[in-house]
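J.: Let me begin by handing over the structure; questions about it come next.
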Number of protein chains: 2
Amino acid sequence: MAKKLTFGGRLRELRLAKKLSQRELADKVASRLKEDDRRGFDFTYLSKIENDRLPPPSTPAILALAAELDADSDELLALAGKAPPDVGDELRKKEGARVFFRSATQQNLTEAEWQRLQAYLERMRKEGK
Amino acid sequence: MAKKLTFGGRLRELRLAKKLSQRELADKVASRLKEDDRRGFDFTYLSKIENDRLPPPSTPAILALAAELDADSDELLALAGKAPPDVGDELRKKEGARVFFRSATQQNLTEAEWQRLQAYLERMRKEGK
DNA sequence: ACCGATGTTGAGTTGAGAGTCAACATCAAT
DNA sequence: ATTGATGTTGACTCTCAACTCAACATCGGT
């Protein structure tokens with residue numbers, strides 16, 4: 001059975017795979033963030049996060065990390081227990097999405113059932129095009 | 001065309017429909033919150049929120065308000081621009097859910113399409129039972 | 001005219017999220 | 001044994017969301 005990774009553990013994996021030091025990665029992330037955000041990203045902060053001594057960083061920081069590491073931002077956001085920002089927007093704007101989400105979570109669907117829904121969505125798309 | 005309500009406006013509607021004063025409602029919400037949370041809920045705060053002079057309150061407070069007013073918490077959360085609290089959890093646990101919402105969001109579905117999905121989900125449930 | 005209930009406002013407080021900074025430990029290479 | 005690069009840690013800071021508090025305005029009832 002696959003080992004269950006924490007956010008920090010996965011982040012370290014990804015960083016090492018890219019052969020970056022904490023300082024390098026933190027600096028790159030910091031410059032990505034400085035552009036719009038006013039927050040920084042120190043390498044000592046990264047260290048604590050990798051060791052799960054602090055909770056995962058903010059959503060913008062996670063997105064910057066994923067971008068820098070060519071990683072799947074949804075995976076990291078999920079490990080951090082946060083919803084992707086655009087999914088959040090969709091739920092905020094579309095009542096239908098909200099209703100759907102409510103029923104889906106209440107039914108506690110299996111992976112197979114999610115895949116069926118995915119397939120149906122796929123069919124809808126083709127037909128609609 | 002239906003008038004577009006703000007969070008504050010809708011909240012006031014709901015409160016008046018229940019014939020509660022700001023003090024009464026705020027007190028009830030406060031006692032609901034005190035149980036787990038350490039935050040309060042003052043009537044003057046409620047006043048400002050109803051007049052949209054302050055942003056909507058925290059998610060726990062919105063949930064308590066909805067419960068006290070027998071209102072739909074998803075509606076209030078949506079008006080407040082917040083995602084329902086369990087979104088992160090569901091997406092964390094089920095990869096299928098993540099993939100599904102990603103595609104659905106990217107396709108920018110209409111309300112009608114969300115309803116079709118909802119109908120399909122309904123069918124799945126009946127058949128699976 | 002007064003009183004109690006209700007609602008509004010400006011100023012102030014507080015706790016937590018999101019980091020920073022200085023100092024130290026470890027290790028490989030020279 | 002020194003140096004340079006890397007990682008770890010504890011203590012601190014800073015900002016802002018989320019409120020509270022005291023004071024005042026308005027209005028209906030008596």
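So you can find residues: chains in the structure tokens are A, B, ... in the order shown, residues in each start at 1, and ligands are numbered from 1 in order.
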Could you list, as a list in words, every residue within 9 Å of range 76-81 of chain A, counting only C-alpha atoms (C1' of nucleotides) and ignoring same-chain residues fewer than 5 positions away?

T.: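 In the requested format, the answer is Leu5, Thr6, Phe7, Gly8, Arg10, Leu11, Pro55, Pro56, Pro57, Thr59, Ile62, Leu63, Ala66 and Ala71 of chain A; Val87, Gly88, Asp89, Glu90, Leu91, Arg92, Lys93, Glu95 and Arg98 of chain B.
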
J.: Write to file, as a PDB file, in the first residue's frame, the residues of the selection just made, with N, CA and C atoms.

T.:
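Result written to selection25.pdb:
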ATOM      1  N   LEU A   5       1.451  10.309   2.141  1.00  0.00           N
ATOM      2  CA  LEU A   5       2.319  11.481   2.260  1.00  0.00           C
ATOM      3  C   LEU A   5       1.613  12.672   2.857  1.00  0.00           C
ATOM      4  N   THR A   6       2.389  13.438   3.608  1.00  0.00           N
ATOM      5  CA  THR A   6       1.894  14.720   4.085  1.00  0.00           C
ATOM      6  C   THR A   6       2.219  15.772   3.030  1.00  0.00           C
ATOM      7  N   PHE A   7       1.698  16.959   3.248  1.00  0.00           N
ATOM      8  CA  PHE A   7       2.032  18.066   2.340  1.00  0.00           C
ATOM      9  C   PHE A   7       3.537  18.289   2.337  1.00  0.00           C
ATOM     10  N   GLY A   8       4.089  18.378   3.523  1.00  0.00           N
ATOM     11  CA  GLY A   8       5.520  18.646   3.627  1.00  0.00           C
ATOM     12  C   GLY A   8       6.355  17.563   2.953  1.00  0.00           C
ATOM     13  N   ARG A  10       5.561  15.486   0.562  1.00  0.00           N
ATOM     14  CA  ARG A  10       5.428  15.535  -0.893  1.00  0.00           C
ATOM     15  C   ARG A  10       6.221  16.706  -1.466  1.00  0.00           C
ATOM     16  N   LEU A  11       6.171  17.812  -0.762  1.00  0.00           N
ATOM     17  CA  LEU A  11       6.879  18.992  -1.231  1.00  0.00           C
ATOM     18  C   LEU A  11       8.381  18.702  -1.289  1.00  0.00           C
ATOM     19  N   PRO A  55       1.884  24.511   9.408  1.00  0.00           N
ATOM     20  CA  PRO A  55       0.883  24.143   8.399  1.00  0.00           C
ATOM     21  C   PRO A  55       1.290  24.626   7.014  1.00  0.00           C
ATOM     22  N   PRO A  56       0.701  24.048   5.983  1.00  0.00           N
ATOM     23  CA  PRO A  56       0.995  24.466   4.604  1.00  0.00           C
ATOM     24  C   PRO A  56       0.796  25.961   4.433  1.00  0.00           C
ATOM     25  N   PRO A  57       1.506  26.552   3.488  1.00  0.00           N
ATOM     26  CA  PRO A  57       1.433  28.012   3.295  1.00  0.00           C
ATOM     27  C   PRO A  57       0.137  28.427   2.621  1.00  0.00           C
ATOM     28  N   THR A  59      -2.569  29.767  -0.212  1.00  0.00           N
ATOM     29  CA  THR A  59      -2.882  29.265  -1.547  1.00  0.00           C
ATOM     30  C   THR A  59      -1.995  29.876  -2.632  1.00  0.00           C
ATOM     31  N   ILE A  62       1.275  28.134  -2.515  1.00  0.00           N
ATOM     32  CA  ILE A  62       1.198  26.759  -3.024  1.00  0.00           C
ATOM     33  C   ILE A  62       1.180  26.767  -4.541  1.00  0.00           C
ATOM     34  N   LEU A  63       0.452  27.684  -5.129  1.00  0.00           N
ATOM     35  CA  LEU A  63       0.411  27.762  -6.592  1.00  0.00           C
ATOM     36  C   LEU A  63       1.788  28.087  -7.150  1.00  0.00           C
ATOM     37  N   ALA A  66       3.947  24.978  -6.922  1.00  0.00           N
ATOM     38  CA  ALA A  66       3.595  23.998  -7.948  1.00  0.00           C
ATOM     39  C   ALA A  66       4.153  24.430  -9.296  1.00  0.00           C
ATOM     40  N   ALA A  71       4.691  20.855 -10.867  1.00  0.00           N
ATOM     41  CA  ALA A  71       3.875  19.841 -10.199  1.00  0.00           C
ATOM     42  C   ALA A  71       2.401  20.151 -10.393  1.00  0.00           C
TER      43      ALA A  71
ATOM     44  N   VAL B  87     -15.639  21.309   1.229  1.00  0.00           N
ATOM     45  CA  VAL B  87     -15.093  21.160  -0.124  1.00  0.00           C
ATOM     46  C   VAL B  87     -13.660  20.661  -0.074  1.00  0.00           C
ATOM     47  N   GLY B  88     -12.865  21.293   0.732  1.00  0.00           N
ATOM     48  CA  GLY B  88     -11.463  20.893   0.840  1.00  0.00           C
ATOM     49  C   GLY B  88     -11.331  19.441   1.228  1.00  0.00           C
ATOM     50  N   ASP B  89     -12.139  19.011   2.178  1.00  0.00           N
ATOM     51  CA  ASP B  89     -12.045  17.630   2.652  1.00  0.00           C
ATOM     52  C   ASP B  89     -12.343  16.633   1.548  1.00  0.00           C
ATOM     53  N   GLU B  90     -13.439  16.885   0.860  1.00  0.00           N
ATOM     54  CA  GLU B  90     -13.839  15.943  -0.182  1.00  0.00           C
ATOM     55  C   GLU B  90     -12.770  15.853  -1.258  1.00  0.00           C
ATOM     56  N   LEU B  91     -12.268  16.998  -1.662  1.00  0.00           N
ATOM     57  CA  LEU B  91     -11.269  16.990  -2.726  1.00  0.00           C
ATOM     58  C   LEU B  91      -9.968  16.366  -2.234  1.00  0.00           C
ATOM     59  N   ARG B  92      -9.718  16.476  -0.948  1.00  0.00           N
ATOM     60  CA  ARG B  92      -8.488  15.885  -0.440  1.00  0.00           C
ATOM     61  C   ARG B  92      -8.548  14.373  -0.516  1.00  0.00           C
ATOM     62  N   LYS B  93      -9.723  13.840  -0.228  1.00  0.00           N
ATOM     63  CA  LYS B  93      -9.800  12.387  -0.095  1.00  0.00           C
ATOM     64  C   LYS B  93      -9.966  11.661  -1.412  1.00  0.00           C
ATOM     65  N   GLU B  95      -9.438  11.422  -5.317  1.00  0.00           N
ATOM     66  CA  GLU B  95      -8.806  11.890  -6.550  1.00  0.00           C
ATOM     67  C   GLU B  95      -9.838  12.068  -7.653  1.00  0.00           C
ATOM     68  N   ARG B  98     -11.478  15.328  -7.520  1.00  0.00           N
ATOM     69  CA  ARG B  98     -10.597  16.396  -7.990  1.00  0.00           C
ATOM     70  C   ARG B  98     -10.606  16.498  -9.502  1.00  0.00           C
TER      71      ARG B  98
END

J.: Chain A residues within 9 Å of chain C, counting only C-alpha atoms (C1' of nucleotides): which ones, as a list in words?

T.: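 Going by the stated atoms only, the list reads Arg39, Gly40, Phe41, Asp42, Thr44, Tyr45, Pro57 and Ser58 of chain A.
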
J.: With N, CA, C and O atoms retained, export the selected residues as a PDB file, in the first residue's frame.

T.:
ATOM      1  N   ARG A  39       3.629  39.267   0.108  1.00  0.00           N
ATOM      2  CA  ARG A  39       4.196  38.332   1.058  1.00  0.00           C
ATOM      3  C   ARG A  39       5.507  37.769   0.543  1.00  0.00           C
ATOM      4  O   ARG A  39       5.775  37.771  -0.645  1.00  0.00           O
ATOM      5  N   GLY A  40       6.297  37.295   1.464  1.00  0.00           N
ATOM      6  CA  GLY A  40       7.578  36.727   1.092  1.00  0.00           C
ATOM      7  C   GLY A  40       7.561  35.224   1.184  1.00  0.00           C
ATOM      8  O   GLY A  40       6.514  34.602   1.339  1.00  0.00           O
ATOM      9  N   PHE A  41       8.743  34.644   1.080  1.00  0.00           N
ATOM     10  CA  PHE A  41       8.841  33.199   1.232  1.00  0.00           C
ATOM     11  C   PHE A  41      10.284  32.859   1.559  1.00  0.00           C
ATOM     12  O   PHE A  41      11.142  32.761   0.679  1.00  0.00           O
ATOM     13  N   ASP A  42      10.542  32.698   2.836  1.00  0.00           N
ATOM     14  CA  ASP A  42      11.875  32.479   3.329  1.00  0.00           C
ATOM     15  C   ASP A  42      12.216  30.987   3.315  1.00  0.00           C
ATOM     16  O   ASP A  42      11.348  30.152   3.493  1.00  0.00           O
ATOM     17  N   THR A  44      13.785  29.298   5.509  1.00  0.00           N
ATOM     18  CA  THR A  44      13.596  28.642   6.808  1.00  0.00           C
ATOM     19  C   THR A  44      12.121  28.281   7.012  1.00  0.00           C
ATOM     20  O   THR A  44      11.794  27.319   7.699  1.00  0.00           O
ATOM     21  N   TYR A  45      11.303  29.069   6.378  1.00  0.00           N
ATOM     22  CA  TYR A  45       9.864  28.773   6.412  1.00  0.00           C
ATOM     23  C   TYR A  45       9.616  27.482   5.640  1.00  0.00           C
ATOM     24  O   TYR A  45       8.919  26.574   6.098  1.00  0.00           O
ATOM     25  N   PRO A  57       1.506  26.552   3.488  1.00  0.00           N
ATOM     26  CA  PRO A  57       1.433  28.012   3.295  1.00  0.00           C
ATOM     27  C   PRO A  57       0.137  28.427   2.621  1.00  0.00           C
ATOM     28  O   PRO A  57      -0.738  27.589   2.398  1.00  0.00           O
ATOM     29  N   SER A  58       0.040  29.696   2.314  1.00  0.00           N
ATOM     30  CA  SER A  58      -1.160  30.236   1.683  1.00  0.00           C
ATOM     31  C   SER A  58      -1.364  29.650   0.289  1.00  0.00           C
ATOM     32  O   SER A  58      -0.435  29.135  -0.320  1.00  0.00           O
TER      33      SER A  58
END

J.: Residues of chain D were defined as contacting chain B if any atom lay at most 9 Å from it, counting only C-alpha atoms (C1' of nucleotides); please report them as number ranges by chain.

T.: D: 17-20

J.: Restricting the calculation to only C-alpha atoms, which member of A:Lys19, A:Met124, A:Leu25, A:Trp114 is positioned closest to chain B?

T.: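 Of A:Lys19, A:Met124, A:Leu25, A:Trp114, the one nearest chain B is A:Trp114, counting only C-alpha atoms.
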
J.: Counting only C-alpha atoms, collect the residues of chain B whose closest atom lies at most 12 Å from chain A, and write them out as a PyMOL selection string.

T.: chain B and resi 72-129

J.: Which residues come within 8 Å of Leu65 in chain B, counting only C-alpha atoms (C1' of nucleotides), excluding same-chain residues fewer than 4 positions away, as a list in words?

T.: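 Counting only the stated atoms, we get Val29, Ala61 and Leu69 of chain B.
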
J.: Hey, can you spit out that residue selection with N, CA, C and O atoms as a PDB file, in the first residue's frame?

T.:
ATOM      1  N   VAL B  29     -26.834  33.389  18.135  1.00  0.00           N
ATOM      2  CA  VAL B  29     -25.670  32.971  17.352  1.00  0.00           C
ATOM      3  C   VAL B  29     -24.443  32.887  18.259  1.00  0.00           C
ATOM      4  O   VAL B  29     -23.672  31.931  18.201  1.00  0.00           O
ATOM      5  N   ALA B  61     -19.569  31.464  11.844  1.00  0.00           N
ATOM      6  CA  ALA B  61     -20.658  32.378  12.175  1.00  0.00           C
ATOM      7  C   ALA B  61     -21.762  32.292  11.130  1.00  0.00           C
ATOM      8  O   ALA B  61     -22.947  32.315  11.475  1.00  0.00           O
ATOM      9  N   LEU B  69     -31.617  30.688  11.572  1.00  0.00           N
ATOM     10  CA  LEU B  69     -32.659  31.265  10.731  1.00  0.00           C
ATOM     11  C   LEU B  69     -33.350  30.226   9.857  1.00  0.00           C
ATOM     12  O   LEU B  69     -34.152  30.585   8.995  1.00  0.00           O
TER      13      LEU B  69
END

J.: Let's see if you can do this: from backbone DSSP, list all helix (DSSP H, G or I) residues in chain A, as a ChimeraX atom specification.

T.: /A:7-17,22-34,43-50,59-68,73-79,85-93,95-107,111-128
